[in-house]
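Engineer: Structure incoming, see below.
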Amino acid sequence: MKSALPIGTIVLALIALGVATTVTVTRDTVTLEEDITHRPIETPSDGFVSSKTCKSCHPSQYDTWYGSYHRTMTQVATPDTVLADFSNVRIDAVHGEPMHLEQRGNEFWAEFNDPGVDGPADDRPRITRQVVMITGSHHQQIYWYATGHDRALNVLPGVYLITEQRWAPRSAVVLHPPNQLVSTSNGHWNAVCLACHTTFPKTQFDTPFLSKPIEEQVVDTTTAEFGIACEACHGPAADHVRTHQNPVTRYRRHLGDQPDSTIVQPALLNPQRSSQVCGQCHSVWEFYNVEDERYANTHGFPYRPGDELRDTRFMPQPMEQADSAALRAFIRRDPDFVNGSFWSDGMIRVSGREYNGLIDSPCFKNAPEHGGSKIMSCFSCHTMHKAPNDPRPVSVWAATHQVTAKMDNNEACVQCHETFDTNISQHTRHSAESTGSLCYNCHMPYTSYGLLKAVRSHTVSSPSITETVNIGRPNACNLCHLDKTLAWTGTQLNRWYGTASPQLTVDQNEVAASLLWAMKGDAGQRALTAWAFGWNPAQQVSGTSWMLPHLTELLNDSYEAIRFISYRSLRTLPGYSDVDYDYLAGREERITAVLPILQSWQNSILARRRREPELLVDNEGHLRIDEFARIFNQRDNRPLFLRE
Amino acid sequence: MLGILLETMHGLKIRMYLDVPNETRRLMWTLAHAHGGLLGLIHLILGLCLRIVPEIGSRHLRMISTSLIMASVFLPGGFFLGGIVVYGGDPGLGILAVPIGAALLVVAIYKVARGSATIETTTSTSGKSGRRGNS
């Protein structure tokens with residue numbers, strides 16, 4: 001009996017040792033972030049401690065941030081983050097650039113044509129690279145692969161469209177002139193993208209990006225945290241964490257009302273500075289000079305929430321600074337610096353740059369500096385953390401642009417413009433329940449473009465056909481009343497508000513404004529119009545029976561993005577939800593796909609339902625092909641690349 | 001009772017208990033429930049021990065009992081109060097009752113341990129005398 005005990009103990013100990021060894025040897029090994037050499041890494045520094053530190057004291061804020069698309073702007077490629085199918089699939093959707101995708105354990109690999117070698121696609125050698133990082137998780141995912149040179153990344157030739165669950169060439173997901181290559185710069189993410197897609201990045205190129213071949217540069221990119229994390233808006237938190245480890249300090253803060261000087265709370269900043277916290281990323285900006293760029297390259301961007309953003313960044317405001325020397329200098333270096341992002345009057349026209357729109361809004365700039373309670377800021381309508389009493393799920397709040405509860409309707413505006421709180425119809429001349437009485441639709445119409453859709457302009461303005469005539473920007477009225485002419489709109493605006501109408505051409509008097517934009521507008525106008533055809537409020541107001549021939553014309557647009565948007569809008573028309581059409585197919589194939597659609601419409605009762613001449617139909621409902629062709633031949637075919 | 005309340009809030013998905021902003025409340029009330037249950041068990045065990053070996057509490061029974069009862073109030077009570085009002089990751093000020101309860105529990109356990117040690121010493125001394133007498 002006595003001798004059994006030691007033997008039993010020894011046996012048990014050996015079993016335990018065997019189990020522990022097996023578990024240790026067979027479990028996945030984890031590579032420490034600091035040991036990774038083939039991609040940018042997270043290295044908290046300079047007082048940045050990462051969001052993981054925030055969670056224990058701020059679980060609610062951490063949770064809402066975690067559910068937002070800010071967090072997933074940049075992610076390491078893992079089985080949890082990659083949305084595209086990498087299970088040994090061949091992707092041919094990227095013309096001339098077939099990819100073979102493969103998942104090896106937890107790693108993602110792609111084989112594709114070497115972008116570093118010129119020549120016909122068939123003649124270029126194939127390379128296999130590991131996909132290591134991802135941009136996006138809401139509309140698209142862009143995949144970045146390790147080039148093998150330091151931490152430099154390059155991008156796969158295809159982009160994954162999440163809702164459509166398909167791949168598309170990079171050139172097809174931006175509004176980019178056809179037959180022009182989208183630049184594929186090795187190291188572009190390291191030098192450019194990370195500025196707004198990570199928290200406190202350091203590009204760390206030994207010489208400026210593109211100053212010499214990247215293979216000759218040292219690229220040691222790091223960032224405090226991937227994605228737009230807590231400290232991007234609140235500033236470095238090391239002092240805050242250290243100070244509040246003392247429970248006495250914490251409870252003094254809980255029970256008192258003293259402001260916390262160890263961290264920035266953007267909601268407590270004045271409207272100008274709080275908006276700049278968002279504006280550090282949601283804007284068109286540039287370094288003032290090479291020295292500033294070099295400093296940021298090595299030491300990180302010097303802007304901290306609460307600082308005056310313009311101290312370290314040039315923020316173009318073409319609406320007000322058209323003659324500024326600084327702006328002219330940028331345009332000399334980059335002729336498309338303004339045209340690629342702004343309408344000709346200086347209003348921002350691309351998504352993701354809402355700060356440029358805000359600062360041109362009367363609601364913002366006409367308010368007293370650093371004072372007053374009624375100054376519009378980003379926080380007037382948006383919140384970075386869903387309120388605990390907001391009944392919406394975090395996913396819904398995140399998907400609706402993080403608009404604060406109840407700020408998705410007129411409450412957002414009447415919080416300042418109280419006179420319109422009652423009897424809104426008297427102001428809008430539309431019934432109170434209609435979309436025409438939603439302040440946003442008239443004063444923040446869908447005139448910005450990005451991510452294959454129209455986005456609300458953040459320059460609060462009033463409908464104006466003068467702007468449409470002089471600048472080409474679609475006005476709010478005709479974006480809804482797609483079947484009406486500019487003359488019709490001018491008459492209403494004059495009758496209701498005394499707005500003077502400009503001199504209009506014959507076409508502007510007699511042809512629906514949307515058709516003029518669709519047929520002879522530039523690529524940006526056509527994209528917005530194609531989107532508006534699929535916008536439900538516009539469909540309700542304008543009817544849809546007449547739209548198909550115009551959408552089918554846009555299905556053959558030379559810009560892939562316009563074809564994509566048109567197809568999506570076409571499928572919202574009653575009876576056309578199952579239309580099969582590949583917007584990336586060759587021209588002949590597309591025409592072949594579209595003709596039967598057009599034919600069926602012409603043979604249907606829909607074709608004869610609307611006979612207004614402004615819709616380019618004759619008295620019998622037939623399309624006036626001659627007018628189509630005449631207007632189409634006036635199309636603005638200047639190449640346009642909108643820099644989303 | 002607290003356990004029934006917590007289960008009910010789980011069953012009815014009461015947001016003030018289950019939502020993420022109330023994570024600290026949920027933790028505090030779970031700790032209150034757990035500590036209350038454990039202290040109840042300690043009471044039972046002490047009662048059984050006293051029944052079998054009454055000498056354990058012969059000298060400090062009143063202090064042991066009072067300390068344990070008060071620990072059973074302060075420990076779970078402190079957690080419960082600390083969960084009523086929370087400050088993000090921090091419990092409310094009621095949490096200050098917890099260390100008081102913990103100290104009282106330590107006192108009770110110490111007194112029981114001292115009582116147990118006293119019995120062993122007395123027993124071993126008596127046992128040796130008895131054996132010498134009988135031989």
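Just so we're on the same page: first chain in the structure tokens is A, next is B, and so on; residues restart at 1 for each chain, and ligands are numbered from 1 in the order they show up.
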Find the residues of chain B in contact range of chain A, meaning any atom within 10 Å when counting only C-alpha atoms, and list them as a ChimeraX atom specification.
Structural biologist: /B:15-16,19-24,86-93
Engineer: Atoms to include: C-alpha atoms. Write the selected residues as an mmCIF file, in the first residue's frame.
Structural biologist:
```cif
data_model
loop_
_atom_site.group_PDB
_atom_site.id
_atom_site.type_symbol
_atom_site.label_atom_id
_atom_site.label_comp_id
_atom_site.auth_asym_id
_atom_site.auth_seq_id
_atom_site.Cartn_x
_atom_site.Cartn_y
_atom_site.Cartn_z
ATOM 1 C CA ARG B 15 -30.611 45.713 -20.679
ATOM 2 C CA MET B 16 -29.544 47.466 -17.503
ATOM 3 C CA ASP B 19 -25.758 45.541 -22.080
ATOM 4 C CA VAL B 20 -22.057 46.074 -22.576
ATOM 5 C CA PRO B 21 -22.032 49.465 -20.804
ATOM 6 C CA ASN B 22 -23.303 47.563 -17.750
ATOM 7 C CA GLU B 23 -20.550 44.984 -17.817
ATOM 8 C CA THR B 24 -19.154 46.234 -14.527
ATOM 9 C CA VAL B 86 -20.902 52.223 -11.934
ATOM 10 C CA TYR B 87 -18.369 54.459 -13.636
ATOM 11 C CA GLY B 88 -17.281 52.663 -16.782
ATOM 12 C CA GLY B 89 -14.888 49.989 -15.587
ATOM 13 C CA ASP B 90 -15.108 51.102 -11.953
ATOM 14 C CA PRO B 91 -17.750 50.026 -9.415
ATOM 15 C CA GLY B 92 -19.572 52.504 -7.200
ATOM 16 C CA LEU B 93 -18.376 53.567 -3.784
#
```
Engineer: How close does segment 5-94 of chain B get to segment 102-119 of chain B? List, as JSON lines, each residue of segment 5-94 of chain B within 7 Å, its nearest atom pair and the distance in Å to one decimal, counting only C-alpha atoms.
Structural biologist:
```
{"residue": "B:Glu55", "atom": "CA", "partner": "B:Ile119", "partner_atom": "CA", "distance": 6.7}
{"residue": "B:Ile56", "atom": "CA", "partner": "B:Gly115", "partner_atom": "CA", "distance": 4.6}
{"residue": "B:Gly57", "atom": "CA", "partner": "B:Gly115", "partner_atom": "CA", "distance": 6.2}
{"residue": "B:His60", "atom": "CA", "partner": "B:Lys111", "partner_atom": "CA", "distance": 6.9}
{"residue": "B:Ile64", "atom": "CA", "partner": "B:Ala108", "partner_atom": "CA", "distance": 4.6}
{"residue": "B:Ser67", "atom": "CA", "partner": "B:Leu104", "partner_atom": "CA", "distance": 5.1}
{"residue": "B:Leu68", "atom": "CA", "partner": "B:Leu105", "partner_atom": "CA", "distance": 5.7}
{"residue": "B:Met70", "atom": "CA", "partner": "B:Leu104", "partner_atom": "CA", "distance": 6.9}
{"residue": "B:Ala71", "atom": "CA", "partner": "B:Leu104", "partner_atom": "CA", "distance": 5.3}
{"residue": "B:Leu75", "atom": "CA", "partner": "B:Ala102", "partner_atom": "CA", "distance": 6.3}
```
Engineer: Based on the selection just made, write C-alpha atoms of those residues as a PDB file, in the first residue's frame.
Structural biologist:
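Saved as again.pdb:
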```pdb
ATOM      1  CA  GLU B  55     -14.146  23.182  21.588  1.00  0.00           C
ATOM      2  CA  ILE B  56     -13.279  25.135  18.448  1.00  0.00           C
ATOM      3  CA  GLY B  57     -15.427  28.003  19.588  1.00  0.00           C
ATOM      4  CA  HIS B  60     -14.210  33.186  21.050  1.00  0.00           C
ATOM      5  CA  ILE B  64     -16.303  34.241  15.428  1.00  0.00           C
ATOM      6  CA  SER B  67     -17.379  38.446  12.451  1.00  0.00           C
ATOM      7  CA  LEU B  68     -18.695  35.849  10.091  1.00  0.00           C
ATOM      8  CA  MET B  70     -20.919  40.758   9.424  1.00  0.00           C
ATOM      9  CA  ALA B  71     -18.571  39.483   6.710  1.00  0.00           C
ATOM     10  CA  LEU B  75     -18.703  41.217   1.387  1.00  0.00           C
TER      11      LEU B  75
END
```
Engineer: Give the alpha helix (DSSP H) residues of segment 440-565 of chain A, as assigned by DSSP on the backbone, as a PyMOL selection string.
Structural biologist: chain A and resi 440-443+465-471+476-480+486-497+506-510+513-520+523-533+536-542+548-554+560-565
Engineer: What's the 8 Å shell around Gly36 of chain B, counting only C-alpha atoms, without same-chain residues fewer than 4 positions away, as a list in words?
Structural biologist: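 In the requested format, the answer is Ala32, Gly40, Ser72, Leu75 and Pro76 of chain B.
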Engineer: Excluding same-chain residues fewer than 6 positions from His427 of chain A, what lies within 12 Å of it counting only C-alpha atoms, as a PyMOL selection string?
Structural biologist: chain A and resi 417+419-421+436-439+442+493+496-497
Engineer: Output C-alpha atoms of each residue in that selection to a file, as a compact mmCIF listing (two decimals), in the first residue's frame.
Structural biologist:
```
# COMPACT_ATOMS: atom_id res chain seq x y z
CA HIS A 417 -33.02 76.37 -37.01
CA THR A 419 -38.25 78.30 -36.71
CA PHE A 420 -38.63 75.35 -39.04
CA ASP A 421 -39.58 72.96 -36.27
CA GLY A 436 -39.08 66.91 -50.06
CA SER A 437 -39.49 68.14 -46.50
CA LEU A 438 -36.38 66.37 -45.25
CA CYS A 439 -33.83 69.13 -44.78
CA CYS A 442 -32.48 69.97 -50.26
CA LEU A 493 -37.69 78.36 -57.04
CA TRP A 496 -41.49 80.13 -53.88
CA TYR A 497 -38.32 81.92 -52.89
```
Engineer: Can you list, as a PyMOL selection string, every protein, DNA or RNA residue that comes within 9 Å of segment 112-117 of chain A when you count only C-alpha atoms, leaving out same-chain residues fewer than 3 positions away?
Structural biologist: chain A and resi 96-101+121-129+156-157+184+186
Engineer: Would you pick out the contacts of Glu33 of chain A at 12 Å or less, using only C-alpha atoms, so that residues sharing its chain but fewer than 2 positions from it are not included, and give the list as a PyMOL selection string?
Structural biologist: chain A and resi 30-31+35-44+76+222-225
Engineer: Quick one: of A:Ser457, A:Thr243, A:Ser558, A:Thr422, who's nearest to Leu175 of chain A, counting only C-alpha atoms?
Structural biologist: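 Among the listed residues, A:Ser558 lies closest to Leu175 of chain A.
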Engineer: Take atom CA of Leu27 of chain B and atom CA of Tyr69 of chain A and report the distance between them in Å, one decimal.
Structural biologist: 28.5 Å
Engineer: Work out how far atom CA of Ser274 of chain A is from atom CA of Asp307 of chain A, in Å to one decimal.
Structural biologist: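 Computed distance, atom CA of Asp307 of chain A to atom CA of Ser274 of chain A, equals 9.5 Å.
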Engineer: In Å to one decimal, how far is atom CA of Thr447 of chain A from atom CA of Ala172 of chain A?
Structural biologist: 20.2 Å
Engineer: Please provide as a list in words all residues within 10 Å of Thr199 of chain A, with the sequence filter that same-chain residues fewer than 6 positions apart are discarded (counting only C-alpha atoms).
Structural biologist: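 Close residues of Thr199 of chain A: Glu42, Pro44, Phe48, Ser50, Thr74, Thr222, Thr223, Ala224, Glu225, Phe226, Gly227, Ile228, Ala229, Cys230, Glu231, Ala232, Cys233, Gly235, Pro236, Gly300 and Phe301 of chain A.
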